Amino acid sequence: MTATAPITQDVLTLPRKLPEGGKVNIIGLTRDQLRAALVAAGTPEKQAKMRLGQIWQWVYHWGLRDFAGMTNLAKDYRVFLEQHFTIELPEVVTRQISADGTRKYLVRIAGGHEVETVYIPEENRGTLCISSQVGCTLTCSFCHTGTQKLVRNLTAGEIVGQVMLARDDLGEWPVPGAPKDETRLVSNVVLMGMGEPLYNFDNVRDAMQVVMDNEGLSLSRRRITLSTSGVVPEIARAATEIGCLLAVSFHATTDEVRDKLVPINKRWNIETLLNELREYPRLSNSERITFEYVMLKGVNDSDADARRLVRLISGIPAKINLIPFNEWPGAPYQRSDWERIEAFADIVYKAGYASPIRTPRGEDIMAACGQLKSATERARKSSREIAAEAGL
Ligand code: SAH
Ligand code: SF4
């Protein structure tokens with residue numbers, strides 16, 4: 001094959017839209033996909049592995065964005081790369097910084113769609129909350145994202161790109177020659193932004209493979225948490241193909257209430273979900289599952305709920321993350337009172353489970369869980385539609 005052979009989408013395992021000019025964006029390709037793309041563009045088979053390793057390090061370890069700076073590659077090979085490839089991240093449209101240090105990025109992806117990415121600094125770690133879809137097909141009645149119709153799945157590149165743009169903003173790329181700094185600003189990634197990650201499984205998996213690669217961004221699988229509303233048939237794949245930690249949006253202790261809060265429960269109910277979850281720790285060789293539980297006044301926050309919850313999950317290594325409801329304009333619920341949340345937490349704790357109450361972060365910039373939403377107003381549902389879907 002010659003150096004000018006055209007790159008077709010067929011060389012990639014996933015269909016990817018070629019950027020303008022027919023160049024392939026490197027960001028988000030797995031090692032195998034990038035290798036295949038290099039060969040298809042004309043890199044001799046024999047050299048492909050070494051070139052791949054060099055490019056990979058420049059892009060994901062050093063954060064370099066142009067081929068010209070890849071000084072350990074021959075000049076004409078750098079020109080060749082420029083002709084066939086790009087290194088492109090989604091664009092940050094706005095950045096808001098909360099009084100508590102939380103940063104929210106509004107990120108524009110191809111097609112002009114927007115998603116949000118949130119960085120939450122804590123004393124001993126920094127968590128980046130990333131989005132996997134524009135909007136969400138599911139319609140959880142307490143979630144702002146659920147009021148927005150799905151526009152599209154994010155590509156693997158757009159998912160990895162969120163991690164890279166946060167590192168850009170935080171100035172976290174290593175400086176050549178400087179002493180190695182082991183402190184990580186983005187030390188954890190949670191797939192808890194917009195969208196249901198298990199409904200965009202292949203792209204999420206490929207993106208996490210890039211994020212976990214230890215010659216690049218190098219985040220361990222134990223520092224990645226995927227949150228699902230309960231897409232039962234895909235849960236085992238998260239264990240075997242990604243191996244990350246799992247969080248489940250549980251939120252209710254009876255099918256009647258969960259049907260309303262998390263409507264996917266009508267498809268896979270509490271019992272089906274719990275049976276699947278019992279397998280997860282073994283499959284992924286991970287410690288425990290996080291049960292997320294949003295505290296909604298008078299809806300799911302009674303002592304009886306707390307007791308039912310611990311009975312239901314008995315036998316599953318678990319931690320219960322209590323999330324005080326974050327309000328948004330037109331939301332049909334209220335946050336439980338603080339004493340109620342504490343009483344609930346106490347029952348769960350006494351039953352032997354860690355029951356941290358998640359401190360709302362970045363509330364002044366609407367960056368808290370479930371408040372994320374793109375500015376795509378035309379895709380917005382009315383409050384009446386939301387209430388009708390919740391059966392309220
Ligand atoms: N779609 C996935 C991941 C995104 S939501 C899921 O549902 O798990 C991340 C977490 O925030 C979920 O537990 C979700 O139920 C919760 N959440 C959504 N809206 C919220 C709100 N308004 N207040 C508090 N938590 C909310
Ligand atoms: Fe989608 Fe998760 Fe929001 Fe439900 S809670 S609507 S699954 S983003």
# chains A, B, ... in the order shown; residues from 1 in each chain; ligands from 1
>>> residues_around(residues="region 233-250 of chain A", least_positions_apart="4", cutoff="10 Å", atoms="only C-alpha atoms", output="NGL selection string")
:A and (190-192 or 197-199 or 201-202 or 204-209 or 212 or 220-229 or 258 or 261-262 or 265 or 268 or 270 or 273-274 or 276-277 or 279-294 or 309 or 318-321)
>>> closest_atom_pairs(of="chain A", to="ligand 2", cutoff="10 Å", atoms="only C-alpha atoms and all ligand atoms", output="tab-separated table")
residue	atom	partner	partner_atom_place_in_ligand_line	distance
A:Ser131	CA	ligand 2	8 (S)	8.9
A:Ser132	CA	ligand 2	8 (S)	9.2
A:Gln133	CA	ligand 2	8 (S)	8.6
A:Val134	CA	ligand 2	8 (S)	9.7
A:Gly135	CA	ligand 2	8 (S)	7.3
A:Cys136	CA	ligand 2	1 (Fe)	4.7
A:Thr137	CA	ligand 2	1 (Fe)	6.6
A:Leu138	CA	ligand 2	6 (S)	4.7
A:Thr139	CA	ligand 2	6 (S)	4.5
A:Cys140	CA	ligand 2	4 (Fe)	4.2
A:Ser141	CA	ligand 2	6 (S)	7.2
A:Phe142	CA	ligand 2	5 (S)	7.4
A:Cys143	CA	ligand 2	3 (Fe)	4.7
A:His144	CA	ligand 2	3 (Fe)	6.6
A:Thr145	CA	ligand 2	3 (Fe)	5.0
A:Gly146	CA	ligand 2	6 (S)	3.5
A:Thr147	CA	ligand 2	6 (S)	7.2
A:Gln148	CA	ligand 2	6 (S)	8.3
A:Lys149	CA	ligand 2	6 (S)	9.5
A:Leu150	CA	ligand 2	1 (Fe)	9.3
A:Leu191	CA	ligand 2	8 (S)	9.9
A:Met192	CA	ligand 2	8 (S)	7.5
A:Gly193	CA	ligand 2	8 (S)	6.9
A:Met194	CA	ligand 2	8 (S)	5.1
A:Gly195	CA	ligand 2	8 (S)	4.3
A:Glu196	CA	ligand 2	7 (S)	5.0
A:Pro197	CA	ligand 2	7 (S)	8.5
A:Leu198	CA	ligand 2	7 (S)	9.5
A:Tyr199	CA	ligand 2	7 (S)	9.4
A:Ser227	CA	ligand 2	2 (Fe)	7.9
A:Thr228	CA	ligand 2	7 (S)	6.7
A:Ser229	CA	ligand 2	7 (S)	4.9
A:Gly230	CA	ligand 2	7 (S)	8.2
A:Val231	CA	ligand 2	7 (S)	9.2
A:Val248	CA	ligand 2	2 (Fe)	9.6
A:Ser249	CA	ligand 2	5 (S)	7.1
A:Phe250	CA	ligand 2	5 (S)	9.9
A:His251	CA	ligand 2	5 (S)	9.8
A:Leu261	CA	ligand 2	4 (Fe)	8.4
A:Val262	CA	ligand 2	4 (Fe)	6.2
A:Pro263	CA	ligand 2	4 (Fe)	8.2
A:Ile264	CA	ligand 2	7 (S)	8.2
A:Val294	CA	ligand 2	5 (S)	9.9
A:Cys369	CA	ligand 2	5 (S)	8.8
A:Gly370	CA	ligand 2	3 (Fe)	6.2
A:Gln371	CA	ligand 2	3 (Fe)	9.1
A:Leu372	CA	ligand 2	8 (S)	8.8
A:Lys373	CA	ligand 2	8 (S)	9.5
>>> write_last_selection(atoms="N, CA and C atoms", output="compact mmCIF listing (two decimals), in the first residue's frame")
# COMPACT_ATOMS: atom_id res chain seq x y z
N SER A 131 -20.04 12.96 30.51
CA SER A 131 -21.29 12.60 29.86
C SER A 131 -21.04 11.54 28.79
N SER A 132 -22.07 10.72 28.53
CA SER A 132 -21.93 9.69 27.50
C SER A 132 -22.94 9.86 26.36
N GLN A 133 -23.95 10.67 26.58
CA GLN A 133 -24.94 10.92 25.53
C GLN A 133 -25.38 12.38 25.58
N VAL A 134 -25.90 12.87 24.47
CA VAL A 134 -26.54 14.18 24.49
C VAL A 134 -27.99 13.90 24.87
N GLY A 135 -28.40 14.33 26.05
CA GLY A 135 -29.74 13.98 26.54
C GLY A 135 -29.75 12.53 26.99
N CYS A 136 -30.94 11.96 27.09
CA CYS A 136 -31.06 10.57 27.56
C CYS A 136 -32.39 10.03 27.05
N THR A 137 -32.41 8.77 26.63
CA THR A 137 -33.68 8.19 26.16
C THR A 137 -34.57 7.83 27.33
N LEU A 138 -33.97 7.72 28.50
CA LEU A 138 -34.76 7.33 29.67
C LEU A 138 -35.37 8.58 30.28
N THR A 139 -36.38 8.39 31.08
CA THR A 139 -37.13 9.55 31.52
C THR A 139 -37.33 9.54 33.02
N CYS A 140 -36.24 9.38 33.77
CA CYS A 140 -36.37 9.38 35.22
C CYS A 140 -36.99 10.72 35.63
N SER A 141 -38.02 10.65 36.46
CA SER A 141 -38.86 11.84 36.63
C SER A 141 -38.21 12.91 37.49
N PHE A 142 -37.11 12.58 38.19
CA PHE A 142 -36.45 13.56 39.07
C PHE A 142 -35.20 14.13 38.42
N CYS A 143 -34.90 13.72 37.19
CA CYS A 143 -33.62 14.06 36.57
C CYS A 143 -33.80 15.09 35.47
N HIS A 144 -33.02 16.13 35.53
CA HIS A 144 -33.12 17.20 34.55
C HIS A 144 -32.75 16.71 33.14
N THR A 145 -31.73 15.86 33.08
CA THR A 145 -31.32 15.33 31.77
C THR A 145 -32.47 14.54 31.14
N GLY A 146 -33.24 13.87 32.00
CA GLY A 146 -34.36 13.06 31.50
C GLY A 146 -35.46 13.89 30.85
N THR A 147 -35.43 15.20 31.04
CA THR A 147 -36.45 16.04 30.41
C THR A 147 -36.06 16.38 28.98
N GLN A 148 -34.87 15.92 28.61
CA GLN A 148 -34.36 16.25 27.30
C GLN A 148 -34.35 15.02 26.45
N LYS A 149 -34.86 15.13 25.24
CA LYS A 149 -34.88 13.93 24.40
C LYS A 149 -33.46 13.62 23.94
N LEU A 150 -33.20 12.34 23.69
CA LEU A 150 -31.84 11.98 23.24
C LEU A 150 -31.56 12.60 21.89
N LEU A 191 -18.82 8.08 35.27
CA LEU A 191 -19.75 8.23 34.15
C LEU A 191 -21.12 8.50 34.75
N MET A 192 -21.27 9.73 35.22
CA MET A 192 -22.51 10.13 35.91
C MET A 192 -23.03 11.45 35.37
N GLY A 193 -22.53 11.84 34.21
CA GLY A 193 -23.03 13.08 33.61
C GLY A 193 -24.31 12.79 32.84
N MET A 194 -24.45 13.43 31.69
CA MET A 194 -25.66 13.22 30.92
C MET A 194 -25.61 11.87 30.21
N GLY A 195 -26.77 11.21 30.22
CA GLY A 195 -26.90 9.99 29.43
C GLY A 195 -26.77 8.70 30.22
N GLU A 196 -27.19 7.62 29.57
CA GLU A 196 -27.12 6.28 30.17
C GLU A 196 -25.94 5.56 29.50
N PRO A 197 -24.82 5.42 30.21
CA PRO A 197 -23.62 4.86 29.57
C PRO A 197 -23.81 3.46 28.99
N LEU A 198 -24.68 2.66 29.60
CA LEU A 198 -24.84 1.30 29.08
C LEU A 198 -25.67 1.26 27.79
N TYR A 199 -26.29 2.38 27.43
CA TYR A 199 -26.95 2.45 26.12
C TYR A 199 -26.00 2.99 25.04
N SER A 227 -22.11 4.64 36.20
CA SER A 227 -23.42 4.65 36.85
C SER A 227 -24.50 4.29 35.84
N THR A 228 -25.31 3.32 36.20
CA THR A 228 -26.41 2.93 35.32
C THR A 228 -27.74 3.00 36.04
N SER A 229 -28.78 3.25 35.26
CA SER A 229 -30.12 3.26 35.83
C SER A 229 -30.63 1.83 35.98
N GLY A 230 -29.89 0.86 35.40
CA GLY A 230 -30.31 -0.54 35.55
C GLY A 230 -30.60 -1.23 34.23
N VAL A 231 -29.69 -1.07 33.25
CA VAL A 231 -29.85 -1.74 31.96
C VAL A 231 -29.30 -3.16 32.14
N VAL A 248 -25.32 2.03 40.84
CA VAL A 248 -26.66 1.79 40.30
C VAL A 248 -27.63 2.81 40.88
N SER A 249 -28.40 3.41 39.99
CA SER A 249 -29.40 4.38 40.44
C SER A 249 -30.60 3.61 40.95
N PHE A 250 -30.61 3.34 42.23
CA PHE A 250 -31.63 2.46 42.80
C PHE A 250 -32.90 3.24 43.14
N HIS A 251 -32.77 4.16 44.08
CA HIS A 251 -33.76 5.22 44.33
C HIS A 251 -35.12 4.82 44.91
N LEU A 261 -40.13 6.56 39.41
CA LEU A 261 -38.90 7.35 39.47
C LEU A 261 -37.93 6.98 38.36
N VAL A 262 -37.77 5.68 38.15
CA VAL A 262 -36.79 5.18 37.17
C VAL A 262 -37.56 4.24 36.25
N PRO A 263 -38.22 4.77 35.23
CA PRO A 263 -39.17 3.96 34.46
C PRO A 263 -38.59 2.71 33.80
N ILE A 264 -37.27 2.64 33.68
CA ILE A 264 -36.68 1.42 33.10
C ILE A 264 -37.00 0.22 34.00
N VAL A 294 -31.54 8.77 45.67
CA VAL A 294 -31.88 10.19 45.74
C VAL A 294 -32.97 10.40 46.81
N CYS A 369 -25.47 16.69 40.61
CA CYS A 369 -26.05 15.51 39.96
C CYS A 369 -27.45 15.81 39.47
N GLY A 370 -27.71 15.41 38.27
CA GLY A 370 -29.07 15.50 37.77
C GLY A 370 -29.49 16.89 37.35
N GLN A 371 -28.59 17.87 37.50
CA GLN A 371 -28.98 19.21 37.05
C GLN A 371 -28.45 19.49 35.65
N LEU A 372 -27.62 18.56 35.17
CA LEU A 372 -26.98 18.81 33.88
C LEU A 372 -27.99 18.74 32.75
N LYS A 373 -27.73 19.59 31.81
CA LYS A 373 -28.67 19.64 30.72
C LYS A 373 -28.04 20.50 29.65
>>> select_by_dssp(residues="region 316-377 of chain A", states="strand (DSSP E)", output="VMD selection string")
chain A and resid 318 to 324
>>> residues_around(residues="Ser336 (chain A)", least_positions_apart="3", cutoff="7 Å", atoms="only C-alpha atoms", output="list in words")
Met295, Leu296, Lys297, Pro324, Arg340 and Ile341 of chain A
>>> write_last_selection(atoms="C-alpha atoms", output="PDB file, in the first residue's frame")
ATOM      1  CA  MET A 295     -33.750  11.572  48.766  1.00  0.00           C
ATOM      2  CA  LEU A 296     -37.174  12.834  47.712  1.00  0.00           C
ATOM      3  CA  LYS A 297     -39.420  14.296  50.356  1.00  0.00           C
ATOM      4  CA  PRO A 324     -30.085  14.952  48.556  1.00  0.00           C
ATOM      5  CA  ARG A 340     -34.943  12.764  57.542  1.00  0.00           C
ATOM      6  CA  ILE A 341     -31.854  12.097  55.425  1.00  0.00           C
TER       7      ILE A 341
END
>>> atom_distance(atom1="CA of Phe325 (chain A)", atom2="atom 20 (C, counted along the ligand's line) of ligand 1")
6.0 Å
>>> closest_atom_pairs(of="region 129-186 of chain A", to="region 28-50 of chain A", cutoff="6 Å", atoms="only C-alpha atoms", output="JSON lines")
{"residue": "A:Ala156", "atom": "CA", "partner": "A:Gly28", "partner_atom": "CA", "distance": 4.8}
{"residue": "A:Gly157", "atom": "CA", "partner": "A:Gly28", "partner_atom": "CA", "distance": 3.6}
{"residue": "A:Val160", "atom": "CA", "partner": "A:Gly28", "partner_atom": "CA", "distance": 5.9}
>>> closest_residue(among="A:Asp213, A:Asp346, A:Glu116, A:Asp100", to="ligand 1", atoms="only C-alpha atoms and all ligand atoms")
A:Glu116
>>> select_by_dssp(residues="region 183-348 of chain A", states="alpha helix (DSSP H)", output="ChimeraX atom specification")
/A:201-212,232-237,255-261,270-277,280-284,303-312,338-348
>>> closest_residue(among="A:Val24, A:Ile130, A:Val151, A:Ala166", to="ligand 1", atoms="only C-alpha atoms and all ligand atoms")
A:Ile130
>>> atom_distance(atom1="CA of Val175 (chain A)", atom2="CA of Ala68 (chain A)")
17.6 Å
>>> closest_residue(among="A:Val186, A:Thr86, A:Gln162, A:Gly171", to="Tyr105 (chain A)", atoms="only C-alpha atoms")
A:Gln162
>>> residues_around(residues="Phe80 (chain A)", least_positions_apart="3", cutoff="10 Å", atoms="only C-alpha atoms", output="list in words")
Ala3, Thr4, Ala41, Gly42, Thr43, Phe67, Ala74, Lys75, Asp76, Tyr77, Gln83, His84 and Phe85 of chain A
>>> residues_around(residues="region 54-58 of chain A", least_positions_apart="2", cutoff="9 Å", atoms="only C-alpha atoms", output="compact mmCIF listing (two decimals) with C-alpha atoms, in the first residue's frame")
# COMPACT_ATOMS: atom_id res chain seq x y z
CA ARG A 31 -4.72 0.86 20.15
CA LYS A 49 3.52 -1.12 16.31
CA MET A 50 6.42 1.15 17.09
CA ARG A 51 4.80 4.21 15.48
CA LEU A 52 1.62 3.51 17.37
CA TYR A 60 -1.99 10.63 25.86
CA HIS A 61 1.04 10.96 28.08
CA TRP A 62 2.37 14.37 27.03
CA GLY A 63 -0.90 15.86 25.78
CA LEU A 64 0.62 17.01 22.49
CA ARG A 65 -1.85 18.27 19.85
CA PHE A 67 2.27 16.05 14.75
CA GLY A 69 6.16 18.33 17.70
CA MET A 70 6.60 14.53 17.68
CA ASN A 72 11.22 11.16 17.70
CA LEU A 73 9.45 10.58 14.37
CA GLU A 215 1.19 4.39 28.72
CA GLY A 216 -1.20 7.29 28.46
